[in-house]
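First up is the structure itself, then whatever we jot down about it.
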Amino acid sequence: MTRTTSLLLATACAAALVATAVGQAQQAPAAPAGAAPAAQGRGGGGDACGGRSAQPQVPCPNDVNRMLAVLPATAPAKPLRARRILVLAATRGFVHSSIPLAAKMVEEMGKKTAAWTTDVTYDASSINEENLKQYDLIFLDSTTGTFLDDPNDQPATDARRKAFMDFVRGGKGIAGVHAASDSYHGTPAGRAGGQRGGGRAGGAPPQPPPPCTGGGTPGGGGGEPLWPEFNTMIGGYFKFHWSYPTPITVKIDDPKSPINAPFKGRSFNTIDEVYTYNQASFSRKNVHVLTSIDYALMSDCDKGLESSKRTDGDYALSWIRREGNGRLFYQALGHHESIYYNNPAMLEHILAGVQYALGDLKADDSPSQR
């Protein structure tokens, strides 16, 4: 490990401890089922830029300009036919300020490469059988909580869930970033069950744990699966995150995959809010892992902060899988806006993953463990 990396890790450990001490600085208590989404943005509601507001739907111009400057110019595969993507940015929990930038990325990426056209919606009712006929892929843009459900209309909820699963199983695609996996888990009332910055969503304010210790039952965390079909389809559900800006080294698990071609077989360093998953919900027997955290390079302090620590040391970040006749691509990074502009290869990775999910790019999607 280089001296620079060691210094970064030490800084991250200190930052994580500060984040723990301030409790829920980035996490709003999850609303009871039926309540409006609990709005959050790093800048609160007083920032004039829409992407930092409490209910972000407009990306910050500077973020957009930086993202546009590094967008890939060409797609790795020629579309088999004209493709159309629906970006769904509905939430029923934590609202990420990066949501509108990620949506803009999908839209502009499709334009620049001519790989697809894009519609963006923040309305979960858009997920219905008739409307979905015009789309080839649903892009889950940091959806949280029971994002499809109407708490006042169970038949509508059932219809949306069925339309969603029929869509992918019938041969179409799902792609998701970051909090797409922070969905449909927790308590039966629908509250989030993971730990963020040392505290559990909902209930009494969290108490900071001792330095570098996260506690919890090993291998557990994240609550219960609230929609098992979705939890299996997306590949796992969130139970803890290392707070932004935790530095990690991203390992390339499948260098031969065309989705990983932009990385040229080389690991790389980045910072973000970094998810870990309920151990029972995530398995390499269910997904084909593309990238993961190089856990051996994390500091002992950062390792110790993890609540309900995984016992298998498996910290995947991106993966693909088959769902019926359809396909899924998921990338766990994307909490902070910089993920969408600080590494051009990451955008190429997302582009290739989306083209896989669309069915235009062929890739080995067999489970990583059999």
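Chains: A, B, ... in order of the structure tokens. Residues: from 1 per chain. Ligands: from 1, in order shown.
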
message: I want to know what sits within 6 Å of A:Gly145, based on only C-alpha atoms, with residues of the same chain fewer than 6 positions away left out; could you give that as a PyMOL selection string?
response: chain A and resi 92-93+183-184

Within 12 Å of stretch 302-318 of chain A, which residues of stretch 208-277 of chain A show up? Give each one with its shortest atom-to-atom distance in Å (one decimal) and the two atoms involved, counting only C-alpha atoms, rows by chain then rising residue number, as CSV.
```
residue,atom,partner,partner_atom,distance
A:Pro208,CA,A:Leu305,CA,10.8
A:Pro209,CA,A:Leu305,CA,8.6
A:Pro210,CA,A:Leu305,CA,9.1
A:Pro211,CA,A:Leu305,CA,7.8
A:Cys212,CA,A:Leu305,CA,4.7
A:Thr213,CA,A:Leu305,CA,4.7
A:Gly214,CA,A:Ser307,CA,4.2
A:Gly215,CA,A:Ser307,CA,5.2
A:Gly216,CA,A:Ser308,CA,4.3
A:Thr217,CA,A:Ser308,CA,4.8
A:Pro218,CA,A:Ser308,CA,4.3
A:Gly219,CA,A:Arg310,CA,4.5
A:Gly220,CA,A:Ser308,CA,5.3
A:Gly221,CA,A:Ser308,CA,5.6
A:Gly222,CA,A:Ser308,CA,8.9
A:Gly223,CA,A:Ser308,CA,11.2
A:Ile234,CA,A:Ser318,CA,10.9
A:Gly235,CA,A:Ser318,CA,9.8
A:Gly236,CA,A:Ala316,CA,10.2
A:Tyr237,CA,A:Ala316,CA,11.9
A:Phe238,CA,A:Ser307,CA,11.4
A:Lys239,CA,A:Ser307,CA,8.0
A:Phe240,CA,A:Ser307,CA,6.2
A:His241,CA,A:Glu306,CA,7.4
A:Trp242,CA,A:Glu306,CA,7.1
A:Ser243,CA,A:Asp302,CA,9.9
A:Tyr244,CA,A:Asp302,CA,12.0
A:Pro245,CA,A:Asp302,CA,11.6
A:Thr246,CA,A:Asp302,CA,8.4
A:Pro247,CA,A:Asp302,CA,9.7
A:Ile248,CA,A:Asp302,CA,10.1
A:Thr249,CA,A:Leu317,CA,11.0
A:Val250,CA,A:Leu317,CA,8.2
A:Lys251,CA,A:Ala316,CA,9.1
A:Ile252,CA,A:Ser318,CA,9.8
A:Asp253,CA,A:Ala316,CA,8.9
A:Asp254,CA,A:Ser318,CA,10.7
A:Ile259,CA,A:Ser318,CA,10.1
A:Asn260,CA,A:Ser318,CA,10.0
A:Asp272,CA,A:Leu317,CA,11.7
A:Glu273,CA,A:Leu317,CA,11.6
A:Val274,CA,A:Leu317,CA,8.6
A:Tyr275,CA,A:Leu317,CA,8.0
A:Thr276,CA,A:Tyr315,CA,6.4
A:Tyr277,CA,A:Tyr315,CA,7.8
```

message: With only C-alpha atoms as the counted atoms, please give the residues lying no more than 6 Å from stretch 165-182 of chain A, apart from itself and same-chain residues fewer than 4 positions off, as a ChimeraX atom specification.
response: /A:136-144,237-238,323-334,357-358

Write a file of the selected residues as a tab-separated table (two decimals), in the first residue's frame, keeping N, CA and C atoms.
```
chain	number	residue	atom	x	y	z
A	136	ASP	N	-37.98	-0.39	-23.17
A	136	ASP	CA	-37.12	-1.58	-23.20
A	136	ASP	C	-36.39	-1.79	-21.88
A	137	LEU	N	-36.32	-0.76	-21.05
A	137	LEU	CA	-35.59	-0.86	-19.79
A	137	LEU	C	-36.12	0.17	-18.80
A	138	ILE	N	-36.18	-0.24	-17.53
A	138	ILE	CA	-36.47	0.68	-16.42
A	138	ILE	C	-35.16	0.91	-15.68
A	139	PHE	N	-34.79	2.17	-15.52
A	139	PHE	CA	-33.57	2.54	-14.79
A	139	PHE	C	-33.99	3.03	-13.41
A	140	LEU	N	-33.64	2.27	-12.36
A	140	LEU	CA	-34.00	2.62	-10.99
A	140	LEU	C	-32.94	3.58	-10.44
A	141	ASP	N	-33.33	4.84	-10.34
A	141	ASP	CA	-32.42	5.92	-9.99
A	141	ASP	C	-32.48	6.18	-8.47
A	142	SER	N	-31.69	5.41	-7.72
A	142	SER	CA	-31.64	5.53	-6.26
A	142	SER	C	-33.02	5.55	-5.63
A	143	THR	N	-33.89	4.67	-6.13
A	143	THR	CA	-35.19	4.45	-5.49
A	143	THR	C	-34.94	3.94	-4.06
A	144	THR	N	-35.81	4.31	-3.15
A	144	THR	CA	-35.68	3.86	-1.76
A	144	THR	C	-37.04	3.43	-1.22
A	237	TYR	N	-30.13	-6.64	-0.47
A	237	TYR	CA	-30.60	-5.37	0.08
A	237	TYR	C	-29.65	-4.81	1.14
A	238	PHE	N	-29.62	-3.50	1.14
A	238	PHE	CA	-28.75	-2.69	1.99
A	238	PHE	C	-28.95	-3.00	3.48
A	323	GLU	N	-33.15	-12.58	-15.07
A	323	GLU	CA	-34.42	-12.70	-14.36
A	323	GLU	C	-35.45	-13.13	-15.38
A	324	GLY	N	-35.78	-14.42	-15.39
A	324	GLY	CA	-36.65	-14.93	-16.44
A	324	GLY	C	-35.95	-14.76	-17.78
A	325	ASN	N	-36.64	-14.12	-18.72
A	325	ASN	CA	-36.06	-13.84	-20.02
A	325	ASN	C	-35.38	-12.48	-20.08
A	326	GLY	N	-35.40	-11.76	-18.96
A	326	GLY	CA	-34.82	-10.42	-18.92
A	326	GLY	C	-33.49	-10.38	-18.20
A	327	ARG	N	-32.99	-9.16	-18.04
A	327	ARG	CA	-31.62	-8.98	-17.52
A	327	ARG	C	-31.57	-7.79	-16.55
A	328	LEU	N	-30.66	-7.89	-15.58
A	328	LEU	CA	-30.44	-6.82	-14.60
A	328	LEU	C	-28.97	-6.41	-14.60
A	329	PHE	N	-28.73	-5.10	-14.51
A	329	PHE	CA	-27.41	-4.54	-14.20
A	329	PHE	C	-27.55	-3.62	-13.00
A	330	TYR	N	-26.64	-3.77	-12.01
A	330	TYR	CA	-26.70	-2.93	-10.82
A	330	TYR	C	-25.30	-2.43	-10.47
A	331	GLN	N	-25.22	-1.15	-10.07
A	331	GLN	CA	-23.98	-0.52	-9.62
A	331	GLN	C	-24.25	0.17	-8.29
A	332	ALA	N	-23.53	-0.25	-7.24
A	332	ALA	CA	-23.80	0.25	-5.89
A	332	ALA	C	-23.31	1.66	-5.66
A	333	LEU	N	-22.26	2.08	-6.37
A	333	LEU	CA	-21.76	3.44	-6.19
A	333	LEU	C	-22.72	4.43	-6.85
A	334	GLY	N	-22.67	5.69	-6.42
A	334	GLY	CA	-23.55	6.69	-7.01
A	334	GLY	C	-24.25	7.58	-6.02
A	357	ALA	N	-28.29	-4.97	-20.14
A	357	ALA	CA	-29.65	-5.14	-19.65
A	357	ALA	C	-30.68	-4.93	-20.76
A	358	LEU	N	-30.35	-4.09	-21.73
A	358	LEU	CA	-31.24	-3.89	-22.88
A	358	LEU	C	-31.24	-5.11	-23.81
```

message: Given only C-alpha atoms as the basis, pick out the residue of A:Met109, A:Asp119, A:Gln134, A:Ile271 nearest to A:His335.
response: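 Counting only C-alpha atoms, the residue closest to A:His335 is A:Ile271.
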
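Contact shell of A:Ala73 at 9 Å (only C-alpha atoms; same-chain neighbours under 3 positions omitted): A:Val70, A:Met109, A:Lys112, A:Thr113.
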